[in-house]
>>> print(open('final.csv').read())   # CSV, C-alpha atoms and all ligand atoms
chain,number,residue,atom,x,y,z
A,27,MET,CA,-20.3,20.0,-0.9
A,28,GLN,CA,-16.8,21.3,-0.4
A,29,LYS,CA,-13.6,20.3,-2.1
A,30,ILE,CA,-10.8,18.6,-0.1
A,31,LYS,CA,-7.6,16.8,-0.8
A,32,ALA,CA,-7.7,13.0,-0.2
A,33,ALA,CA,-5.6,9.9,-1.0
A,34,VAL,CA,-7.9,7.7,-3.1
A,35,CYS,CA,-7.5,4.0,-3.8
A,36,ARG,CA,-8.6,3.5,-7.4
A,37,ALA,CA,-7.2,-0.1,-7.9
A,38,PHE,CA,-6.2,-2.7,-5.2
A,39,GLY,CA,-2.5,-3.1,-4.9
A,40,GLU,CA,-1.7,0.2,-6.7
A,41,PRO,CA,-0.4,3.4,-5.1
A,42,LEU,CA,-3.0,5.8,-3.6
A,43,VAL,CA,-3.8,8.8,-5.8
A,44,ILE,CA,-3.9,12.3,-4.2
A,45,GLU,CA,-7.1,13.9,-5.7
A,46,ASP,CA,-9.6,16.7,-5.0
A,47,VAL,CA,-12.8,15.0,-3.7
A,48,HIS,CA,-16.1,16.4,-2.5
A,49,LEU,CA,-17.2,16.2,1.1
A,50,ALA,CA,-20.9,16.8,2.1
A,51,PRO,CA,-21.7,19.0,5.1
A,52,PRO,CA,-22.5,17.1,8.4
A,53,GLY,CA,-26.1,15.7,8.5
A,54,THR,CA,-28.1,14.9,11.6
A,55,GLY,CA,-26.0,13.5,14.3
A,56,GLU,CA,-22.8,14.2,12.4
A,57,VAL,CA,-19.8,16.6,12.8
A,58,GLU,CA,-17.1,17.8,10.4
A,59,VAL,CA,-13.5,17.4,11.7
A,60,THR,CA,-10.6,19.1,10.1
A,61,LEU,CA,-7.7,16.7,10.6
A,62,ASP,CA,-4.3,17.4,12.0
A,63,ALA,CA,-3.0,13.8,12.0
A,64,VAL,CA,-3.9,10.4,10.8
A,65,ALA,CA,-1.8,7.3,11.5
A,66,ILE,CA,-1.4,4.4,9.1
A,67,CYS,CA,-2.7,1.1,10.4
A,68,HIS,CA,-2.2,-2.4,8.9
A,69,SER,CA,-6.0,-2.5,8.3
A,70,ASP,CA,-5.7,0.4,5.9
A,71,ILE,CA,-3.0,-1.5,4.0
A,72,SER,CA,-5.0,-4.8,4.0
A,73,TYR,CA,-7.9,-2.9,2.4
A,74,ALA,CA,-5.7,-1.1,-0.1
A,75,ASP,CA,-4.2,-4.4,-1.1
A,76,GLY,CA,-7.7,-5.9,-1.7
A,77,ALA,CA,-7.4,-8.5,1.2
A,78,TRP,CA,-10.9,-7.8,2.3
A,79,GLY,CA,-12.6,-6.8,-1.0
A,80,GLY,CA,-14.9,-3.7,-0.9
A,81,PHE,CA,-16.0,-0.9,-3.1
A,82,LEU,CA,-13.6,1.2,-5.2
A,83,PRO,CA,-12.7,4.0,-5.4
A,84,ALA,CA,-12.3,4.4,-1.7
A,85,VAL,CA,-10.6,6.6,0.9
A,86,TYR,CA,-9.1,4.6,3.8
A,87,GLY,CA,-7.6,6.0,7.0
A,88,HIS,CA,-9.2,5.6,10.4
A,89,GLU,CA,-6.7,6.7,13.1
A,90,ALA,CA,-7.3,10.4,13.2
A,91,ALA,CA,-7.4,13.5,15.4
A,92,GLY,CA,-8.3,17.0,14.6
A,93,VAL,CA,-10.6,19.9,15.5
A,94,ILE,CA,-14.4,20.1,14.9
A,95,THR,CA,-15.1,22.7,12.2
A,96,ALA,CA,-18.9,22.2,11.7
A,97,VAL,CA,-21.7,20.5,13.7
A,98,GLY,CA,-24.9,19.0,12.3
A,99,GLU,CA,-28.3,18.8,14.1
A,100,ALA,CA,-28.5,16.6,17.2
A,101,ALA,CA,-24.8,15.9,17.4
A,102,GLY,CA,-24.5,15.7,21.2
A,103,ASP,CA,-22.8,18.5,23.0
A,104,PHE,CA,-20.0,18.9,20.6
A,105,LYS,CA,-19.1,22.4,19.3
A,106,VAL,CA,-16.9,24.0,16.7
A,107,GLY,CA,-13.3,24.2,18.0
A,108,ASP,CA,-13.4,21.1,20.1
A,109,PRO,CA,-10.3,18.9,19.7
A,110,VAL,CA,-11.3,15.3,19.1
A,111,VAL,CA,-10.1,11.8,18.3
A,112,VAL,CA,-11.9,10.2,15.4
A,113,THR,CA,-12.5,6.4,15.5
A,114,LEU,CA,-14.1,3.9,13.1
A,115,ILE,CA,-16.5,2.8,15.8
A,116,ARG,CA,-19.8,4.0,14.3
A,117,ALA,CA,-22.2,2.7,16.9
A,118,CYS,CA,-25.9,3.4,16.8
A,119,GLY,CA,-26.2,3.5,20.6
A,120,SER,CA,-29.5,1.6,20.7
A,121,CYS,CA,-29.1,-1.9,19.2
A,122,PRO,CA,-28.7,-4.9,21.5
A,123,ALA,CA,-24.9,-4.8,21.1
A,124,CYS,CA,-24.7,-1.1,21.9
A,125,ALA,CA,-27.2,-1.4,24.7
A,126,GLY,CA,-25.3,-4.3,26.1
A,127,GLY,CA,-22.1,-2.3,26.3
A,128,GLN,CA,-20.4,-3.5,23.2
A,129,PRO,CA,-20.5,-0.7,20.6
A,130,THR,CA,-17.6,-2.2,18.7
A,131,ILE,CA,-20.0,-4.9,17.4
A,132,CYS,CA,-22.9,-2.5,16.7
A,133,GLU,CA,-25.6,-4.4,14.7
A,134,THR,CA,-27.0,-1.4,12.8
A,135,PRO,CA,-25.4,-1.2,9.3
A,136,TYR,CA,-24.0,2.0,7.9
A,137,ASP,CA,-23.6,2.4,4.1
A,138,ASN,CA,-20.0,3.7,3.5
A,139,VAL,CA,-20.6,4.1,-0.2
A,140,LYS,CA,-23.6,6.4,0.4
A,141,GLY,CA,-21.5,8.4,2.9
A,142,PRO,CA,-20.4,12.0,2.6
A,143,LEU,CA,-17.7,11.5,-0.1
A,144,LYS,CA,-17.9,11.9,-3.9
A,145,THR,CA,-15.2,11.9,-6.4
A,146,GLY,CA,-14.1,15.1,-8.1
A,147,ASP,CA,-16.5,14.4,-11.0
A,148,GLY,CA,-19.4,13.6,-8.7
A,149,GLY,CA,-19.0,9.7,-8.8
A,150,GLN,CA,-19.5,7.4,-5.9
A,151,LEU,CA,-16.6,7.2,-3.4
A,152,GLU,CA,-16.5,5.0,-0.4
A,153,GLN,CA,-15.8,6.5,3.0
A,154,ALA,CA,-14.0,3.3,4.1
A,155,MET,CA,-14.4,2.2,7.7
A,156,ALA,CA,-16.9,5.0,8.1
A,157,CYS,CA,-14.0,7.4,8.4
A,158,GLY,CA,-12.1,8.1,5.1
A,159,ALA,CA,-9.4,9.9,7.1
A,160,PHE,CA,-6.6,9.9,4.5
A,161,ALA,CA,-8.1,13.3,3.7
A,162,GLU,CA,-8.0,16.9,5.0
A,163,LYS,CA,-11.4,16.6,6.6
A,164,VAL,CA,-13.9,13.9,7.6
A,165,VAL,CA,-17.7,14.0,8.3
A,166,VAL,CA,-18.5,11.3,10.9
A,167,SER,CA,-21.1,10.5,13.5
A,168,HIS,CA,-20.7,12.3,16.8
A,169,ARG,CA,-20.7,8.8,18.4
A,170,GLN,CA,-17.4,8.0,16.7
A,171,ILE,CA,-15.5,10.9,18.3
A,172,VAL,CA,-14.2,11.7,21.8
A,173,LYS,CA,-13.1,15.1,23.1
A,174,ILE,CA,-9.5,15.4,24.1
A,175,PRO,CA,-7.5,18.0,26.1
A,176,ASP,CA,-6.3,21.0,24.1
A,177,ASP,CA,-2.7,20.4,25.1
A,178,LEU,CA,-2.6,16.7,23.9
A,179,PRO,CA,-0.6,16.8,20.6
A,180,LYS,CA,-2.8,15.5,17.7
A,181,GLU,CA,-0.2,13.2,16.4
A,182,LEU,CA,-0.3,11.3,19.8
A,183,ALA,CA,-4.1,11.6,20.0
A,184,SER,CA,-4.4,9.9,16.6
A,185,LEU,CA,-2.8,6.8,17.9
A,186,LEU,CA,-5.5,6.5,20.6
A,187,SER,CA,-8.2,6.0,18.0
A,188,CYS,CA,-7.1,2.5,16.9
A,189,GLY,CA,-3.8,1.0,17.8
A,190,VAL,CA,-3.8,2.0,21.4
A,191,ILE,CA,-7.4,1.2,22.2
A,192,THR,CA,-7.2,-2.1,20.3
A,193,GLY,CA,-4.1,-3.3,22.2
A,194,VAL,CA,-4.7,-1.9,25.6
A,195,GLY,CA,-8.4,-2.7,25.4
A,196,ALA,CA,-7.7,-6.3,24.4
A,197,ALA,CA,-5.7,-6.8,27.6
A,198,VAL,CA,-7.9,-4.8,29.9
A,199,ASN,CA,-11.4,-5.4,28.5
A,200,ALA,CA,-11.3,-8.6,26.3
A,201,ALA,CA,-8.8,-10.7,28.3
A,202,GLY,CA,-9.7,-9.0,31.6
A,203,VAL,CA,-6.1,-9.4,32.8
A,204,ARG,CA,-5.9,-9.3,36.6
A,205,PRO,CA,-2.9,-8.4,38.8
A,206,GLY,CA,-0.6,-11.4,39.1
A,207,GLN,CA,-1.6,-13.1,35.9
A,208,ASP,CA,0.8,-14.2,33.2
A,209,VAL,CA,0.3,-12.9,29.6
A,210,VAL,CA,1.8,-13.8,26.2
A,211,VAL,CA,1.6,-11.2,23.4
A,212,ILE,CA,2.2,-12.5,19.9
A,213,GLY,CA,3.5,-9.7,17.7
A,214,ALA,CA,5.2,-6.6,19.0
A,215,GLY,CA,4.0,-4.1,16.3
A,216,GLY,CA,1.7,-1.1,16.7
A,217,VAL,CA,-1.1,-3.1,18.4
A,218,GLY,CA,1.2,-5.6,20.1
A,219,LEU,CA,3.2,-3.0,22.0
A,220,ASN,CA,-0.1,-1.6,23.2
A,221,ALA,CA,-1.3,-5.0,24.3
A,222,ILE,CA,1.9,-5.3,26.2
A,223,GLN,CA,1.5,-2.0,28.0
A,224,GLY,CA,-2.2,-2.8,28.6
A,225,ALA,CA,-1.1,-6.0,30.4
A,226,ARG,CA,1.4,-4.0,32.4
A,227,ILE,CA,-1.2,-1.4,33.4
A,228,ALA,CA,-3.6,-4.3,34.4
A,229,GLY,CA,-0.9,-5.6,36.8
A,230,ALA,CA,0.3,-8.7,34.9
A,231,ARG,CA,3.1,-10.6,36.7
A,232,ARG,CA,5.0,-11.7,33.6
A,233,ILE,CA,4.6,-10.6,30.0
A,234,VAL,CA,6.2,-12.6,27.3
A,235,ALA,CA,6.5,-10.9,23.9
A,236,VAL,CA,6.8,-13.2,20.8
A,237,ASP,CA,8.1,-11.7,17.6
A,238,MET,CA,10.5,-12.4,14.7
A,239,THR,CA,13.5,-10.3,15.6
A,240,GLU,CA,15.6,-9.5,18.7
A,241,GLU,CA,15.2,-5.8,17.8
A,242,LYS,CA,11.4,-6.0,18.2
A,243,LEU,CA,11.7,-8.0,21.4
A,244,GLU,CA,14.0,-5.3,22.8
A,245,ILE,CA,11.4,-2.6,22.0
A,246,ALA,CA,8.7,-4.8,23.6
A,247,LYS,CA,10.6,-4.7,26.8
A,248,GLU,CA,10.6,-0.9,26.8
A,249,PHE,CA,6.8,-1.2,26.7
A,250,GLY,CA,6.6,-3.6,29.7
A,251,ALA,CA,7.5,-7.1,28.4
A,252,THR,CA,9.4,-9.0,31.0
A,253,HIS,CA,10.6,-11.7,28.6
A,254,GLY,CA,11.0,-12.1,24.8
A,255,VAL,CA,10.7,-15.2,22.7
A,256,LEU,CA,11.7,-15.5,19.0
A,257,ALA,CA,8.7,-16.7,16.9
A,258,GLY,CA,11.0,-18.6,14.6
A,259,LEU,CA,12.1,-21.1,17.2
A,260,ASP,CA,10.9,-24.7,16.9
A,261,GLN,CA,8.0,-24.8,19.3
A,262,PRO,CA,8.4,-21.3,20.7
A,263,TRP,CA,5.7,-21.9,23.3
A,264,LYS,CA,8.2,-24.1,25.2
A,265,ALA,CA,10.5,-21.1,25.6
A,266,ALA,CA,7.4,-19.1,26.9
A,267,TYR,CA,6.7,-21.9,29.5
A,268,ARG,CA,10.2,-21.6,30.8
A,269,ALA,CA,9.8,-17.8,31.1
A,270,LEU,CA,6.6,-18.4,33.0
A,271,GLY,CA,8.1,-20.8,35.5
A,272,GLY,CA,7.0,-24.0,33.7
A,273,ARG,CA,3.3,-23.1,33.2
A,274,GLY,CA,1.2,-21.7,30.4
A,275,ALA,CA,-0.2,-18.2,30.2
A,276,ASP,CA,-3.5,-17.0,31.6
A,277,ALA,CA,-4.0,-15.0,28.4
A,278,VAL,CA,-2.5,-15.0,25.0
A,279,LEU,CA,-3.1,-11.9,22.9
A,280,ILE,CA,-2.6,-12.5,19.1
A,281,THR,CA,-2.0,-9.1,17.6
A,282,VAL,CA,-0.7,-10.2,14.1
A,283,GLY,CA,-2.6,-11.3,11.0
A,284,ALA,CA,-0.4,-14.4,10.1
A,285,VAL,CA,-2.3,-17.7,10.3
A,286,PRO,CA,0.5,-19.7,12.0
A,287,ALA,CA,0.2,-17.4,15.0
A,288,TYR,CA,-3.5,-18.4,15.4
A,289,ASP,CA,-2.7,-22.1,15.0
A,290,GLN,CA,0.0,-21.9,17.7
A,291,ALA,CA,-1.7,-19.5,20.1
A,292,PRO,CA,-3.6,-22.2,22.2
A,293,ARG,CA,-0.2,-24.0,22.8
A,294,TYR,CA,0.9,-21.1,25.0
A,295,LEU,CA,-2.1,-21.3,27.3
A,296,GLY,CA,-2.2,-22.7,30.8
A,297,ARG,CA,-5.3,-24.3,32.4
A,298,GLY,CA,-8.3,-22.0,32.2
A,299,GLY,CA,-6.4,-19.6,29.9
A,300,LYS,CA,-7.9,-17.6,27.1
A,301,ALA,CA,-6.6,-16.8,23.6
A,302,ILE,CA,-7.8,-13.4,22.4
A,303,MET,CA,-7.8,-12.9,18.6
A,304,ILE,CA,-7.1,-9.3,17.8
A,305,GLY,CA,-5.2,-9.3,14.5
A,306,MET,CA,-7.1,-9.3,11.3
A,307,PRO,CA,-6.1,-12.1,8.9
A,308,HIS,CA,-7.2,-11.9,5.3
A,309,SER,CA,-10.8,-13.1,4.5
A,310,GLY,CA,-10.9,-16.8,3.9
A,311,ASP,CA,-7.8,-17.6,6.1
A,312,MET,CA,-8.5,-20.5,8.4
A,313,ALA,CA,-6.9,-21.7,11.6
A,314,SER,CA,-7.1,-25.0,13.4
A,315,TYR,CA,-7.0,-26.2,17.0
A,316,GLU,CA,-7.5,-29.3,19.1
A,317,PRO,CA,-11.0,-29.1,20.7
A,318,VAL,CA,-10.3,-31.9,23.3
A,319,VAL,CA,-7.4,-30.0,24.8
A,320,LEU,CA,-9.5,-26.8,25.1
A,321,ALA,CA,-12.4,-28.8,26.7
A,322,ALA,CA,-10.2,-30.7,29.1
A,323,LEU,CA,-8.2,-27.7,30.2
A,324,GLY,CA,-11.1,-25.2,30.3
A,325,GLN,CA,-9.5,-22.9,27.8
A,326,GLY,CA,-11.1,-20.4,25.5
A,327,ILE,CA,-10.6,-18.7,22.2
A,328,VAL,CA,-12.4,-15.4,21.7
A,329,GLY,CA,-12.3,-12.6,19.1
A,330,SER,CA,-11.9,-8.9,20.1
A,331,LYS,CA,-12.6,-6.0,17.8
A,332,MET,CA,-11.1,-2.7,18.6
A,333,GLY,CA,-10.3,-3.8,22.2
A,334,ASP,CA,-14.0,-4.1,23.1
A,335,VAL,CA,-13.7,-0.4,24.0
A,336,VAL,CA,-16.4,2.0,24.8
A,337,ILE,CA,-14.6,5.1,23.5
A,338,GLN,CA,-16.3,7.6,25.7
A,339,ARG,CA,-15.3,5.5,28.8
A,340,ASP,CA,-11.9,4.3,27.8
A,341,ILE,CA,-10.2,7.1,25.8
A,342,PRO,CA,-10.4,9.6,28.7
A,343,TRP,CA,-8.6,7.3,31.2
A,344,MET,CA,-6.0,6.5,28.6
A,345,VAL,CA,-5.3,10.2,28.1
A,346,ASP,CA,-4.9,10.5,31.9
A,347,LEU,CA,-2.5,7.6,32.1
A,348,TYR,CA,-0.4,9.1,29.3
A,349,LYS,CA,-0.3,12.4,31.2
A,350,GLN,CA,0.8,10.5,34.4
A,351,GLY,CA,3.6,8.8,32.4
A,352,ARG,CA,1.9,5.3,32.7
A,353,LEU,CA,0.9,4.9,29.0
A,354,LYS,CA,3.5,5.4,26.3
A,355,LEU,CA,2.4,7.3,23.2
A,356,ASP,CA,5.5,9.3,22.0
A,357,GLU,CA,7.5,6.1,21.7
A,358,LEU,CA,5.0,4.6,19.3
A,359,ILE,CA,5.7,7.0,16.5
A,360,SER,CA,8.4,5.9,14.1
A,361,GLY,CA,7.9,8.4,11.3
A,362,ARG,CA,6.1,11.6,10.3
A,363,TRP,CA,5.0,12.3,6.7
A,364,SER,CA,2.8,14.6,4.7
A,365,LEU,CA,-0.3,13.5,2.8
A,366,ASP,CA,1.7,13.7,-0.5
A,367,GLN,CA,4.2,11.2,0.9
A,368,ILE,CA,1.5,8.6,1.9
A,369,ASN,CA,2.6,5.9,-0.5
A,370,GLU,CA,6.2,6.1,1.0
A,371,ALA,CA,4.7,6.0,4.5
A,372,ILE,CA,2.7,2.9,3.6
A,373,ALA,CA,5.7,1.2,2.0
A,374,ASP,CA,7.7,1.9,5.2
A,375,THR,CA,4.9,0.4,7.3
A,376,LYS,CA,4.9,-2.7,5.1
A,377,THR,CA,8.5,-3.4,5.9
A,378,GLY,CA,7.3,-4.4,9.4
A,379,SER,CA,10.0,-2.5,11.2
A,380,ALA,CA,8.0,0.6,11.8
A,381,LYS,CA,5.8,1.1,14.8
A,382,ARG,CA,3.3,3.8,13.7
A,383,ASN,CA,3.8,6.2,10.8
A,384,VAL,CA,1.7,9.3,11.1
A,385,ILE,CA,0.6,11.7,8.3
A,386,LEU,CA,0.5,15.3,9.5
A,387,PHE,CA,-1.6,17.8,7.7
A,388,ASP,CA,-0.3,21.3,7.0
A,389,ARG,CA,-3.0,23.6,8.2
A,390,THR,CA,-1.2,26.9,7.6
A,401,ZN,ZN,-6.5,0.5,12.8
A,402,ZN,ZN,-25.7,-0.3,17.7
>>> encode(input="final.csv", output="structure tokens")
Amino acid sequence: MQKIKAAVCRAFGEPLVIEDVHLAPPGTGEVEVTLDAVAICHSDISYADGAWGGFLPAVYGHEAAGVITAVGEAAGDFKVGDPVVVTLIRACGSCPACAGGQPTICETPYDNVKGPLKTGDGGQLEQAMACGAFAEKVVVSHRQIVKIPDDLPKELASLLSCGVITGVGAAVNAAGVRPGQDVVVIGAGGVGLNAIQGARIAGARRIVAVDMTEEKLEIAKEFGATHGVLAGLDQPWKAAYRALGGRGADAVLITVGAVPAYDQAPRYLGRGGKAIMIGMPHSGDMASYEPVVLAALGQGIVGSKMGDVVIQRDIPWMVDLYKQGRLKLDELISGRWSLDQINEAIADTKTGSAKRNVILFDRT
């Protein structure tokens, strides 16, 4: 066990506490990654606020990048010094879901509480989302990480591990957007902007962003939205129809957690269209829809976790698209913070105006 600094959640809804915690060495199939950057995602905030329950104390954080500093037995071809992205997708590789090409819904459970973390006094400490990346180091499965080029800045790489793959993957993998299709993206935040650029990369004809403020709609256009609709309008889907030449969308990507967005999403769809649920509402939240409309118009509603990505397949092409100037990463970062400032960074994320806030670790 070694001592590392981590931001620990001791009570839901309370500020995180910076503490010394213990991290076990990597076991079979695992690696230790010393982190350079971890971005703050709304999922971290939902957990810290208690929206989804779970064990306490816990260390959240799951959008990370760093360098491998120790390798366990049978951990693939990874070696010390490799720069990597760390994701929360802890897939076994052999269950029916993994074997069927959907590691994001791996069926093999992993016990986060019995993971590599312990509190300073040796008590149980949850490695939330199988990452626990609000910490100087993580120990994770080698299946959760992907090698990245040395020259890709870690603060940009960290974004690839959740917000980018979730948004771009939802458009490309879950919705399967084809050239010429029309897409509506509800929410232009960290995931929504990536769903927008995913639809652009896939060749969408028109991309309508829906959000609460003109400012966010303007940012959406920088990422590829061709039109913007204010979510606060009475029947905002009618404004989207107008933008789409009088018809509904082929795909609606719901990237927020607010229930009204889920209730309204099918209204934006055209015949044969699909609504993709990407955001993560609180446990117990319910949405409603009119089955006869979906049946008569051949529409669908489907969930998508982490953009249905296969990280070893999808992250390398996203890195290449970034290098070619076809995927925006720099523009996603709205603030840089130290681990000591994490509660301020979280508060800033909660205002809803931030894109992605990134914690940078001082490794000098
Ligand atoms: Zn996330
Ligand atoms: Zn599996």
>>> closest_atom_pairs(input="final.csv", of="region 97-215 of chain A", to="region 276-287 of chain A", cutoff="6 Å", atoms="only C-alpha atoms", output="JSON lines")
{"residue": "A:Asp208", "atom": "CA", "partner": "A:Asp276", "partner_atom": "CA", "distance": 5.4}
{"residue": "A:Val209", "atom": "CA", "partner": "A:Ala277", "partner_atom": "CA", "distance": 4.9}
{"residue": "A:Val210", "atom": "CA", "partner": "A:Val278", "partner_atom": "CA", "distance": 4.6}
{"residue": "A:Val211", "atom": "CA", "partner": "A:Leu279", "partner_atom": "CA", "distance": 4.8}
{"residue": "A:Ile212", "atom": "CA", "partner": "A:Ile280", "partner_atom": "CA", "distance": 4.9}
{"residue": "A:Gly213", "atom": "CA", "partner": "A:Thr281", "partner_atom": "CA", "distance": 5.5}
>>> residues_near_ligand(input="final.csv", ligand="ligand ZN 402 (chain A)", cutoff="7 Å", atoms="all atoms listed in the file", output="list in words")
Ala117, Cys118, Gly119, Ser120, Cys121, Pro122, Ala123, Cys124, Pro129, Cys132, Glu133 and Thr134 of chain A
>>> residues_near_ligand(input="final.csv", ligand="ligand ZN 401 (chain A)", cutoff="10 Å", atoms="all atoms listed in the file", output="PDB file with C-alpha atoms, in the coordinates of the input")
ATOM      1  CA  ALA A  65      -1.800   7.300  11.500  1.00  0.00           C
ATOM      2  CA  ILE A  66      -1.400   4.400   9.100  1.00  0.00           C
ATOM      3  CA  CYS A  67      -2.700   1.100  10.400  1.00  0.00           C
ATOM      4  CA  HIS A  68      -2.200  -2.400   8.900  1.00  0.00           C
ATOM      5  CA  SER A  69      -6.000  -2.500   8.300  1.00  0.00           C
ATOM      6  CA  ASP A  70      -5.700   0.400   5.900  1.00  0.00           C
ATOM      7  CA  ILE A  71      -3.000  -1.500   4.000  1.00  0.00           C
ATOM      8  CA  GLY A  87      -7.600   6.000   7.000  1.00  0.00           C
ATOM      9  CA  HIS A  88      -9.200   5.600  10.400  1.00  0.00           C
ATOM     10  CA  GLU A  89      -6.700   6.700  13.100  1.00  0.00           C
ATOM     11  CA  ALA A  90      -7.300  10.400  13.200  1.00  0.00           C
ATOM     12  CA  THR A 113     -12.500   6.400  15.500  1.00  0.00           C
ATOM     13  CA  LEU A 114     -14.100   3.900  13.100  1.00  0.00           C
ATOM     14  CA  MET A 155     -14.400   2.200   7.700  1.00  0.00           C
ATOM     15  CA  LEU A 185      -2.800   6.800  17.900  1.00  0.00           C
ATOM     16  CA  LEU A 186      -5.500   6.500  20.600  1.00  0.00           C
ATOM     17  CA  SER A 187      -8.200   6.000  18.000  1.00  0.00           C
ATOM     18  CA  CYS A 188      -7.100   2.500  16.900  1.00  0.00           C
ATOM     19  CA  GLY A 189      -3.800   1.000  17.800  1.00  0.00           C
ATOM     20  CA  VAL A 190      -3.800   2.000  21.400  1.00  0.00           C
ATOM     21  CA  ILE A 191      -7.400   1.200  22.200  1.00  0.00           C
ATOM     22  CA  THR A 192      -7.200  -2.100  20.300  1.00  0.00           C
ATOM     23  CA  GLY A 216       1.700  -1.100  16.700  1.00  0.00           C
ATOM     24  CA  VAL A 217      -1.100  -3.100  18.400  1.00  0.00           C
ATOM     25  CA  MET A 306      -7.100  -9.300  11.300  1.00  0.00           C
ATOM     26  CA  MET A 332     -11.100  -2.700  18.600  1.00  0.00           C
TER      27      MET A 332
END
>>> residues_around(input="final.csv", residues="region 346-352 of chain A", least_positions_apart="5", cutoff="10 Å", atoms="all atoms listed in the file", output="PyMOL selection string")
chain A and resi 175+178+182+223-224+226-227+341
>>> closest_residue(input="final.csv", among="A:Val57, A:Ala96, A:Ala91, A:Val194", to="Val166 (chain A)", atoms="all atoms listed in the file")
A:Val57
>>> atom_distance(input="final.csv", atom1="CA of Ala197 (chain A)", atom2="CA of Pro179 (chain A)")
25.1 Å
>>> atom_distance(input="final.csv", atom1="CA of Asp177 (chain A)", atom2="CA of Val345 (chain A)")
10.9 Å
>>> residues_near_point(input="final.csv", point="(-4.4, -2.3, -4.3)", cutoff="8 Å", atoms="all atoms listed in the file", output="number ranges by chain")
A: 35-41, 73-76
>>> closest_residue(input="final.csv", among="A:Ala77, A:Gly107, A:Ala230, A:Ile245", to="Asp311 (chain A)", atoms="only C-alpha atoms")
A:Ala77
>>> atom_distance(input="final.csv", atom1="CA of Ala301 (chain A)", atom2="CA of Gln170 (chain A)")
27.9 Å
>>> decode(input="final.csv", residues="region 106-119 of chain A", atoms="N, CA and C atoms", output="PDB file, in the first residue's frame")
ATOM      1  N   VAL A 106       5.450   0.331 -18.166  1.00  0.00           N
ATOM      2  CA  VAL A 106       5.699   1.567 -17.421  1.00  0.00           C
ATOM      3  C   VAL A 106       6.157   2.657 -18.391  1.00  0.00           C
ATOM      4  N   GLY A 107       5.575   3.840 -18.243  1.00  0.00           N
ATOM      5  CA  GLY A 107       5.925   4.966 -19.115  1.00  0.00           C
ATOM      6  C   GLY A 107       4.913   5.223 -20.218  1.00  0.00           C
ATOM      7  N   ASP A 108       4.011   4.263 -20.447  1.00  0.00           N
ATOM      8  CA  ASP A 108       3.009   4.474 -21.503  1.00  0.00           C
ATOM      9  C   ASP A 108       2.022   5.578 -21.086  1.00  0.00           C
ATOM     10  N   PRO A 109       1.794   6.568 -21.957  1.00  0.00           N
ATOM     11  CA  PRO A 109       0.728   7.537 -21.682  1.00  0.00           C
ATOM     12  C   PRO A 109      -0.619   6.920 -22.040  1.00  0.00           C
ATOM     13  N   VAL A 110      -1.602   7.091 -21.157  1.00  0.00           N
ATOM     14  CA  VAL A 110      -2.897   6.424 -21.375  1.00  0.00           C
ATOM     15  C   VAL A 110      -4.063   7.322 -20.959  1.00  0.00           C
ATOM     16  N   VAL A 111      -5.213   6.994 -21.550  1.00  0.00           N
ATOM     17  CA  VAL A 111      -6.500   7.514 -21.097  1.00  0.00           C
ATOM     18  C   VAL A 111      -7.095   6.447 -20.179  1.00  0.00           C
ATOM     19  N   VAL A 112      -7.694   6.880 -19.061  1.00  0.00           N
ATOM     20  CA  VAL A 112      -8.338   5.954 -18.117  1.00  0.00           C
ATOM     21  C   VAL A 112      -9.853   6.167 -18.202  1.00  0.00           C
ATOM     22  N   THR A 113     -10.598   5.100 -18.482  1.00  0.00           N
ATOM     23  CA  THR A 113     -12.055   5.207 -18.552  1.00  0.00           C
ATOM     24  C   THR A 113     -12.700   4.405 -17.426  1.00  0.00           C
ATOM     25  N   LEU A 114     -14.018   4.581 -17.260  1.00  0.00           N
ATOM     26  CA  LEU A 114     -14.737   3.794 -16.241  1.00  0.00           C
ATOM     27  C   LEU A 114     -15.254   2.483 -16.808  1.00  0.00           C
ATOM     28  N   ILE A 115     -14.956   2.187 -18.082  1.00  0.00           N
ATOM     29  CA  ILE A 115     -15.534   1.008 -18.726  1.00  0.00           C
ATOM     30  C   ILE A 115     -14.696  -0.220 -18.358  1.00  0.00           C
ATOM     31  N   ARG A 116     -15.051  -0.822 -17.196  1.00  0.00           N
ATOM     32  CA  ARG A 116     -14.318  -1.990 -16.721  1.00  0.00           C
ATOM     33  C   ARG A 116     -15.013  -3.225 -17.294  1.00  0.00           C
ATOM     34  N   ALA A 117     -14.590  -3.675 -18.444  1.00  0.00           N
ATOM     35  CA  ALA A 117     -15.246  -4.767 -19.157  1.00  0.00           C
ATOM     36  C   ALA A 117     -14.416  -6.039 -19.016  1.00  0.00           C
ATOM     37  N   CYS A 118     -15.117  -7.179 -18.800  1.00  0.00           N
ATOM     38  CA  CYS A 118     -14.394  -8.438 -18.554  1.00  0.00           C
ATOM     39  C   CYS A 118     -13.800  -9.007 -19.840  1.00  0.00           C
ATOM     40  N   GLY A 119     -14.412  -8.664 -20.981  1.00  0.00           N
ATOM     41  CA  GLY A 119     -13.905  -9.151 -22.265  1.00  0.00           C
ATOM     42  C   GLY A 119     -14.487 -10.477 -22.706  1.00  0.00           C
TER      43      GLY A 119
END
